Amino acid sequence: MITVNNLTKSYGKITALNNVNFKFDNSHVIAIMGENGAGKTTLLKICTGILPFDHGEIIIDGYSIIKDSIKAREQIGYLPEMPDMYDRLTGREFLFYIGSLRKLNDAESKINEITKLIGIYDFLDYEIGSYSKGMKQKISMTSAIMHNPTNLLLDEPVYGLDPLTSKTIRDFIRNKKGTTVIATHSTQLVEQIADLVYILMRGRVIHFEDVSKLVSKYGSMEEAYFNIKD
Amino acid sequence: MFETIKVILKENTRNIFKKIKETPVLYFLFTCMILFSVVVFVYAAYFMTVIDIGFDIRIEDVFFTVFFVFMSKTIADFHNHFVKSQPVSYSLATQVNQKRTISEIFLAIFLIQIFIWLSFSTLFLLIAASFRINIAYPLEYMFFTLGVISAVFVGGAISINFFSTKRYRLIPTLILLGFAFQSRTILFVVLTLPLAILHASWSIKNGMNSYLFSKRKERTKESSQVKIRNILKTQFYREIIVLWREKLLLSFIITSVVTGFFSGYFYVYGDEILIPEIIRKSVSGFLPAMFVFLGIYVVIIYTAVFPGLNLFLNEEKTMWIIRHLPVENDAIIYGKTSALTLCFLTSIPFIPYISIFMGLDRIVFLFWLLIFSYIAGVIVSVPLGVKYVGKKSDIMLLYSVAMLLFVIIGTMASIGTFIEENYNYAFLVFFIIILIEILILFISLKISSKILSLNNS
């Protein structure tokens, strides 16, 4: 469970998030939508402890991301929008690096299982610097889920992936226990896997509702998004 | 018209202004250092050329140094602005001829180098004039300028052809360079400028072979080494893998060997080779010690400060990895810094090579000064690296740290010599100094850890 209370974040004079509140319950897939620059990526980065913030509080499964940051980060898996990794390491070395820092004893079997599932296993011994964007996305996705976190924070999780891997990831998210928060522009993805959607505009939450209700009200998530935004 | 040139120049200018705005103190310090360096050059030129007190440094030596600096800078700039630049794909995908786009990138780099040359040489002449030093050598100035132009063309051709599958295309430029360095004559470089232009133009014409050049490196053999380790070992191995694959460890060892050898050589023969007879008596006393100090200083800057700063400076886009993982800041700092112990080992070859000339009489002092200087390098560079995460190419930061260490190591070398000459138990005093320094190192790493958490809260 992720709780965000009165969160404010500014970049100089620009307010990226303005006093926002969220409660992401367990056993839900929550989508964050909004235009470019609405604050989606910033919100995810703050929740993972990557970005500092001005005011507010983030609680991950009862642990503050500031006061108990280690405990809080243990419960999180994170996939950034543009996953930059260490170019001179191979995919395997990178994943073992993450596994070591997360103190995973069964890392090898987990890595083999996930990478075979999402189709990157055969490329694990190549340097990351030679990977395509989609291959990096797969390695990054593996690093986010290999410790089976209760809270997954995914920024555009299927962007750049081939159709088969995209479906595998969607199925994985759909069946995963715990909380999954996805930031995305894809109304189709939201309709396919999300239970609840929050719509952000200029750092504020302008609407949140069950996806199923929105779809039944407007016919599709795309229509719902345009209507709410206007 | 010339849109690519405009964009590159605009981006460079804005980057500089942004950096000045972000770290004004650092840039003020750097400006002062540039002025100071130019004043030193003016005086060195004055003594060498005007008064002619017999220094055996020829104008060709200065010429080839300038040539080499501009050639290296062009290779690096062309690699950054073209070979590995993703944004260039936007220009290359337009209807504008790709050769024209590459030429524009080259021209932008050419203009930047010429601007730097003209700025520094003008500053040099202005300072010389303000001290009423008459340096009126218009022909030499023209030759130097043509040399810089040649260096840019040679650098461009090297950059394009080295980062491509057709490396044999480097041969014409390498032959030209070989003859230039062999002849050591300025006129050769100036007269062969048309050849350099010709080869660079031909290389630019075939430049698309180099764009986003990367070799897909498979490392199946190393996969058996990959395993789960504790946090400290994990950080250590990651740093070492990168240093090894970038061939930096090897270059550290080579630097230590070469610097040790030449420091030793100059320790014995330096005053005869470099110092004119009329002033030899007055400076020969401190000169050998100065070469030892300079040798250690160079080794430390390369094997301690450079990797020490880059432990974090290089992490701009990858900081998300460390920050989202459940790892204490202390563990990150200690783990990464522990990789520097291996870098320290690469500095040790300095000792046997300098000892070939110095003998073993001062080996304890040498070891002590090397260890002291290495730890001092780590104490200064790690917290600054953490403070300025992401400013990978900030040469000014490296320069400022180098200057600071110059003072620290220089002072301590003098104190060490004093202790060695005046105390019977110098070894014990050296040992105590190292212990105190290790304590300071511990405090420095704690401060680094604190800075890392402040960056994060």
# chains A, B, ... in the order shown; residues from 1 in each chain; ligands from 1

call {"tool": "residues_around", "arguments": {"residues": "Lys45 (chain A)", "least_positions_apart": "3", "cutoff": "9 Å", "atoms": "only C-alpha atoms", "output": "PyMOL selection string"}}
result
(chain A and resi 40-42+48-52+78+80+153) or (chain B and resi 320+324)

call {"tool": "write_last_selection", "arguments": {"atoms": "C-alpha atoms", "output": "PDB file, in the first residue's frame"}}
result
ATOM      1  CA  LYS A  40       3.274  11.518 -13.445  1.00  0.00           C
ATOM      2  CA  THR A  41       6.971  10.633 -13.663  1.00  0.00           C
ATOM      3  CA  THR A  42       7.799  13.036 -10.849  1.00  0.00           C
ATOM      4  CA  THR A  48      10.649   5.429  -4.964  1.00  0.00           C
ATOM      5  CA  GLY A  49      12.848   7.863  -3.051  1.00  0.00           C
ATOM      6  CA  ILE A  50      14.790   8.968  -6.135  1.00  0.00           C
ATOM      7  CA  LEU A  51      13.597  12.580  -6.095  1.00  0.00           C
ATOM      8  CA  PRO A  52      13.437  14.832  -3.033  1.00  0.00           C
ATOM      9  CA  TYR A  78      10.588   0.451 -10.063  1.00  0.00           C
ATOM     10  CA  PRO A  80      11.814   4.175 -15.038  1.00  0.00           C
ATOM     11  CA  LEU A 153       5.861   1.482  -9.783  1.00  0.00           C
TER      12      LEU A 153
ATOM     13  CA  TRP B 320      18.105   6.040 -10.086  1.00  0.00           C
ATOM     14  CA  HIS B 324      15.684   3.238  -5.474  1.00  0.00           C
TER      15      HIS B 324
END

call {"tool": "interface_residues", "arguments": {"of": "chain A", "to": "chain B", "cutoff": "7 Å", "atoms": "only C-alpha atoms", "output": "VMD selection string"}}
result
chain A and resid 48 to 52 70 to 71 73 to 74 84 to 85 88 93 96 to 97 99 to 102 125 to 127 130

call {"tool": "write_last_selection", "arguments": {"atoms": "N, CA and C atoms", "output": "compact mmCIF listing (two decimals), in the first residue's frame"}}
result
# COMPACT_ATOMS: atom_id res chain seq x y z
N THR A 48 9.55 6.41 -5.08
CA THR A 48 10.65 5.43 -4.96
C THR A 48 11.83 5.99 -4.18
N GLY A 49 11.75 7.25 -3.82
CA GLY A 49 12.85 7.86 -3.05
C GLY A 49 13.97 8.40 -3.93
N ILE A 50 13.74 8.46 -5.24
CA ILE A 50 14.79 8.97 -6.14
C ILE A 50 14.84 10.49 -6.11
N LEU A 51 13.64 11.12 -6.08
CA LEU A 51 13.60 12.58 -6.10
C LEU A 51 13.22 13.12 -4.71
N PRO A 52 13.89 14.18 -4.27
CA PRO A 52 13.44 14.83 -3.03
C PRO A 52 12.17 15.65 -3.31
N ILE A 70 15.09 2.74 3.87
CA ILE A 70 15.56 1.40 3.49
C ILE A 70 14.40 0.40 3.50
N LYS A 71 13.65 0.42 4.62
CA LYS A 71 12.51 -0.50 4.74
C LYS A 71 11.49 -0.23 3.64
N ARG A 73 12.03 1.13 0.69
CA ARG A 73 12.51 0.76 -0.64
C ARG A 73 12.58 -0.75 -0.85
N GLU A 74 12.63 -1.48 0.27
CA GLU A 74 12.60 -2.95 0.15
C GLU A 74 11.29 -3.43 -0.48
N ASP A 84 18.25 4.06 -18.06
CA ASP A 84 19.69 4.10 -18.31
C ASP A 84 20.36 3.16 -17.32
N MET A 85 21.22 2.30 -17.83
CA MET A 85 21.93 1.36 -16.96
C MET A 85 23.43 1.45 -17.22
N ARG A 88 28.74 -0.79 -19.60
CA ARG A 88 29.83 -1.75 -19.74
C ARG A 88 29.55 -3.08 -19.02
N GLU A 93 25.23 -9.43 -15.57
CA GLU A 93 25.99 -8.78 -14.49
C GLU A 93 25.14 -7.71 -13.80
N PHE A 96 22.48 -9.41 -11.58
CA PHE A 96 23.10 -9.96 -10.37
C PHE A 96 23.54 -8.84 -9.43
N TYR A 97 23.93 -7.72 -10.01
CA TYR A 97 24.28 -6.54 -9.21
C TYR A 97 23.07 -6.09 -8.39
N GLY A 99 20.42 -7.91 -7.77
CA GLY A 99 20.08 -9.01 -6.85
C GLY A 99 20.96 -8.99 -5.61
N SER A 100 22.23 -8.70 -5.76
CA SER A 100 23.14 -8.63 -4.61
C SER A 100 22.76 -7.49 -3.68
N LEU A 101 22.47 -6.32 -4.27
CA LEU A 101 22.11 -5.17 -3.43
C LEU A 101 20.77 -5.40 -2.73
N ARG A 102 19.91 -6.20 -3.36
CA ARG A 102 18.63 -6.52 -2.72
C ARG A 102 18.73 -7.77 -1.84
N ASP A 125 24.37 -12.14 -21.94
CA ASP A 125 25.83 -12.00 -21.84
C ASP A 125 26.40 -10.96 -22.79
N TYR A 126 25.54 -10.09 -23.30
CA TYR A 126 26.03 -8.96 -24.10
C TYR A 126 26.06 -7.70 -23.23
N GLU A 127 26.98 -6.80 -23.56
CA GLU A 127 27.04 -5.55 -22.80
C GLU A 127 25.78 -4.72 -23.04
N SER A 130 25.16 -2.20 -25.88
CA SER A 130 24.82 -2.60 -27.26
C SER A 130 23.34 -2.96 -27.39

call {"tool": "residues_around", "arguments": {"residues": "Phe252 (chain B)", "least_positions_apart": "6", "cutoff": "12 Å", "atoms": "only C-alpha atoms", "output": "count of residues only"}}
result
26

call {"tool": "select_by_dssp", "arguments": {"residues": "region 85-172 of chain A", "states": "strand (DSSP E)", "output": "PyMOL selection string"}}
result
chain A and resi 151-155

call {"tool": "residues_around", "arguments": {"residues": "region 1-4 of chain A", "least_positions_apart": "3", "cutoff": "6 Å", "atoms": "only C-alpha atoms", "output": "JSON, numbers by chain"}}
result
{"A": [21, 22, 23, 24, 25, 26, 57, 58, 59, 60, 61]}

call {"tool": "select_by_dssp", "arguments": {"residues": "region 15-213 of chain A", "states": "helix (DSSP H, G or I)", "output": "NGL selection string"}}
result
:A and (40-47 or 69-74 or 91-101 or 107-118 or 121-123 or 128-130 or 133-145 or 163-175 or 187-193 or 211-213)

call {"tool": "closest_residue", "arguments": {"among": "A:Leu200, A:Val158, A:Leu214, A:Leu164", "to": "Gly37 (chain A)", "atoms": "only C-alpha atoms"}}
result
A:Leu200

call {"tool": "residues_around", "arguments": {"residues": "Ala144 (chain A)", "least_positions_apart": "2", "cutoff": "9 Å", "atoms": "only C-alpha atoms", "output": "list in words"}}
result
Ile76, Gly77, Tyr78, Leu79, Ile139, Ser140, Met141, Thr142, Met146, His147, Asn148, Pro149, Leu152, Leu153 and Leu154 of chain A

call {"tool": "atom_distance", "arguments": {"atom1": "CA of His199 (chain B)", "atom2": "CA of Pro138 (chain B)"}}
result
28.5 Å

call {"tool": "residues_around", "arguments": {"residues": "Gly295 (chain B)", "least_positions_apart": "4", "cutoff": "12 Å", "atoms": "only C-alpha atoms", "output": "mmCIF file with C-alpha atoms, in the first residue's frame"}}
result
data_model
loop_
_atom_site.group_PDB
_atom_site.id
_atom_site.type_symbol
_atom_site.label_atom_id
_atom_site.label_comp_id
_atom_site.auth_asym_id
_atom_site.auth_seq_id
_atom_site.Cartn_x
_atom_site.Cartn_y
_atom_site.Cartn_z
ATOM 1 C CA THR B 255 51.269 5.932 -16.324
ATOM 2 C CA SER B 256 52.858 4.864 -13.019
ATOM 3 C CA VAL B 257 55.699 3.037 -14.795
ATOM 4 C CA VAL B 258 56.425 5.823 -17.285
ATOM 5 C CA THR B 259 56.142 8.584 -14.664
ATOM 6 C CA GLY B 260 58.344 6.634 -12.243
ATOM 7 C CA PHE B 261 60.974 6.101 -14.917
ATOM 8 C CA PHE B 262 61.093 9.714 -16.080
ATOM 9 C CA SER B 263 60.891 11.136 -12.541
ATOM 10 C CA GLY B 264 63.903 8.994 -11.637
ATOM 11 C CA TYR B 265 65.727 10.021 -14.784
ATOM 12 C CA PHE B 266 65.153 13.705 -14.118
ATOM 13 C CA TYR B 267 65.995 13.151 -10.436
ATOM 14 C CA PRO B 288 65.600 16.385 -7.508
ATOM 15 C CA ALA B 289 63.040 16.589 -4.692
ATOM 16 C CA MET B 290 60.757 18.556 -6.988
ATOM 17 C CA PHE B 291 60.861 15.812 -9.635
ATOM 18 C CA VAL B 299 50.437 9.507 -10.615
ATOM 19 C CA ILE B 300 47.999 10.490 -7.863
ATOM 20 C CA ILE B 301 45.979 12.803 -10.083
ATOM 21 C CA TYR B 302 45.539 10.032 -12.629
ATOM 22 C CA SER B 347 50.245 3.381 -8.589
ATOM 23 C CA PRO B 349 54.963 0.493 -9.976
ATOM 24 C CA PHE B 350 56.014 4.138 -9.682
ATOM 25 C CA ILE B 351 58.283 3.194 -6.749
ATOM 26 C CA TYR B 353 60.907 2.537 -11.555
ATOM 27 C CA ILE B 354 61.937 5.737 -9.803
ATOM 28 C CA LEU B 366 58.778 7.405 -1.176
ATOM 29 C CA LEU B 369 54.584 10.026 0.354
ATOM 30 C CA LEU B 370 52.791 7.857 -2.213
ATOM 31 C CA SER B 373 49.204 11.473 -1.383
ATOM 32 C CA PHE B 406 49.232 20.428 -5.379
ATOM 33 C CA ILE B 409 51.019 17.189 -1.277
ATOM 34 C CA GLY B 410 53.706 19.825 -1.848
ATOM 35 C CA ALA B 413 56.463 16.430 0.886
#

call {"tool": "atom_distance", "arguments": {"atom1": "CA of Lys10 (chain B)", "atom2": "CA of Trp202 (chain B)"}}
result
27.4 Å

call {"tool": "closest_residue", "arguments": {"among": "A:Ser10, A:Ser64, A:Ser27, A:Gln192", "to": "Ile169 (chain A)", "atoms": "only C-alpha atoms"}}
result
A:Gln192

call {"tool": "decode", "arguments": {"residues": "region 77-118 of chain A", "atoms": "N, CA and C atoms", "output": "CSV table (one decimal), in the first residue's frame"}}
result
chain,number,residue,atom,x,y,z
A,77,GLY,N,9.3,-2.1,-6.4
A,77,GLY,CA,10.0,-2.4,-7.6
A,77,GLY,C,9.8,-1.2,-8.5
A,78,TYR,N,10.8,-0.8,-9.3
A,78,TYR,CA,10.6,0.5,-10.1
A,78,TYR,C,11.1,0.3,-11.5
A,79,LEU,N,10.3,0.7,-12.4
A,79,LEU,CA,10.8,0.7,-13.8
A,79,LEU,C,10.7,2.2,-14.3
A,80,PRO,N,11.9,2.8,-14.6
A,80,PRO,CA,11.8,4.2,-15.0
A,80,PRO,C,11.4,4.3,-16.5
A,81,GLU,N,11.0,5.5,-16.9
A,81,GLU,CA,10.5,5.7,-18.3
A,81,GLU,C,11.7,5.5,-19.3
A,82,MET,N,12.9,6.0,-19.0
A,82,MET,CA,14.0,5.7,-19.9
A,82,MET,C,15.1,5.1,-19.0
A,83,PRO,N,15.1,3.7,-19.1
A,83,PRO,CA,16.0,3.0,-18.2
A,83,PRO,C,17.5,3.1,-18.6
A,84,ASP,N,18.3,4.1,-18.1
A,84,ASP,CA,19.7,4.1,-18.3
A,84,ASP,C,20.4,3.2,-17.3
A,85,MET,N,21.2,2.3,-17.8
A,85,MET,CA,21.9,1.4,-17.0
A,85,MET,C,23.4,1.4,-17.2
A,86,TYR,N,24.2,0.6,-16.5
A,86,TYR,CA,25.6,0.6,-16.7
A,86,TYR,C,26.0,0.0,-18.0
A,87,ASP,N,26.4,0.8,-19.0
A,87,ASP,CA,26.7,0.3,-20.4
A,87,ASP,C,27.7,-0.8,-20.5
A,88,ARG,N,28.7,-0.8,-19.6
A,88,ARG,CA,29.8,-1.7,-19.7
A,88,ARG,C,29.6,-3.1,-19.0
A,89,LEU,N,28.4,-3.2,-18.3
A,89,LEU,CA,28.1,-4.4,-17.7
A,89,LEU,C,27.2,-5.2,-18.7
A,90,THR,N,27.2,-6.5,-18.6
A,90,THR,CA,26.3,-7.3,-19.4
A,90,THR,C,25.0,-7.3,-18.6
A,91,GLY,N,23.9,-7.7,-19.4
A,91,GLY,CA,22.6,-7.8,-18.7
A,91,GLY,C,22.6,-8.7,-17.5
A,92,ARG,N,23.3,-9.8,-17.6
A,92,ARG,CA,23.4,-10.8,-16.5
A,92,ARG,C,24.1,-10.1,-15.3
A,93,GLU,N,25.2,-9.4,-15.6
A,93,GLU,CA,26.0,-8.8,-14.5
A,93,GLU,C,25.1,-7.7,-13.8
A,94,PHE,N,24.4,-7.0,-14.6
A,94,PHE,CA,23.5,-5.9,-14.0
A,94,PHE,C,22.5,-6.5,-13.1
A,95,LEU,N,21.8,-7.6,-13.6
A,95,LEU,CA,20.8,-8.2,-12.8
A,95,LEU,C,21.3,-8.8,-11.5
A,96,PHE,N,22.5,-9.4,-11.6
A,96,PHE,CA,23.1,-10.0,-10.4
A,96,PHE,C,23.5,-8.8,-9.4
A,97,TYR,N,23.9,-7.7,-10.0
A,97,TYR,CA,24.3,-6.5,-9.2
A,97,TYR,C,23.1,-6.1,-8.4
A,98,ILE,N,21.9,-6.0,-9.1
A,98,ILE,CA,20.7,-5.6,-8.4
A,98,ILE,C,20.3,-6.6,-7.4
A,99,GLY,N,20.4,-7.9,-7.8
A,99,GLY,CA,20.1,-9.0,-6.9
A,99,GLY,C,21.0,-9.0,-5.6
A,100,SER,N,22.2,-8.7,-5.8
A,100,SER,CA,23.1,-8.6,-4.6
A,100,SER,C,22.8,-7.5,-3.7
A,101,LEU,N,22.5,-6.3,-4.3
A,101,LEU,CA,22.1,-5.2,-3.4
A,101,LEU,C,20.8,-5.4,-2.7
A,102,ARG,N,19.9,-6.2,-3.4
A,102,ARG,CA,18.6,-6.5,-2.7
A,102,ARG,C,18.7,-7.8,-1.8
A,103,LYS,N,19.9,-8.3,-1.8
A,103,LYS,CA,20.2,-9.5,-0.9
A,103,LYS,C,19.3,-10.7,-1.3
A,104,LEU,N,19.2,-11.0,-2.6
A,104,LEU,CA,18.4,-12.1,-3.0
A,104,LEU,C,19.2,-13.3,-3.2
A,105,ASN,N,18.9,-14.4,-2.4
A,105,ASN,CA,19.7,-15.6,-2.5
A,105,ASN,C,19.3,-16.4,-3.7
A,106,ASP,N,18.0,-16.3,-4.1
A,106,ASP,CA,17.6,-17.1,-5.3
A,106,ASP,C,17.6,-16.3,-6.6
A,107,ALA,N,18.5,-15.3,-6.6
A,107,ALA,CA,18.5,-14.4,-7.8
A,107,ALA,C,18.6,-15.1,-9.1
A,108,GLU,N,19.5,-16.1,-9.1
A,108,GLU,CA,19.8,-16.8,-10.4
A,108,GLU,C,18.6,-17.4,-11.0
A,109,SER,N,17.9,-18.2,-10.2
A,109,SER,CA,16.7,-18.8,-10.7
A,109,SER,C,15.6,-17.8,-11.1
A,110,LYS,N,15.5,-16.8,-10.3
A,110,LYS,CA,14.5,-15.7,-10.7
A,110,LYS,C,14.9,-15.0,-12.0
A,111,ILE,N,16.2,-14.7,-12.1
A,111,ILE,CA,16.6,-14.0,-13.4
A,111,ILE,C,16.4,-14.9,-14.6
A,112,ASN,N,16.7,-16.2,-14.5
A,112,ASN,CA,16.5,-17.1,-15.6
A,112,ASN,C,15.1,-17.2,-15.9
A,113,GLU,N,14.3,-17.4,-14.9
A,113,GLU,CA,12.8,-17.5,-15.1
A,113,GLU,C,12.2,-16.3,-15.8
A,114,ILE,N,12.5,-15.1,-15.3
A,114,ILE,CA,11.9,-13.9,-15.8
A,114,ILE,C,12.4,-13.6,-17.2
A,115,THR,N,13.7,-13.7,-17.4
A,115,THR,CA,14.3,-13.3,-18.7
A,115,THR,C,13.9,-14.3,-19.8
A,116,LYS,N,13.7,-15.5,-19.4
A,116,LYS,CA,13.2,-16.5,-20.5
A,116,LYS,C,11.7,-16.1,-20.8
A,117,LEU,N,11.0,-15.7,-19.8
A,117,LEU,CA,9.5,-15.4,-20.0
A,117,LEU,C,9.4,-14.1,-20.9
A,118,ILE,N,10.3,-13.1,-20.7
A,118,ILE,CA,10.1,-11.9,-21.5
A,118,ILE,C,11.0,-11.8,-22.7
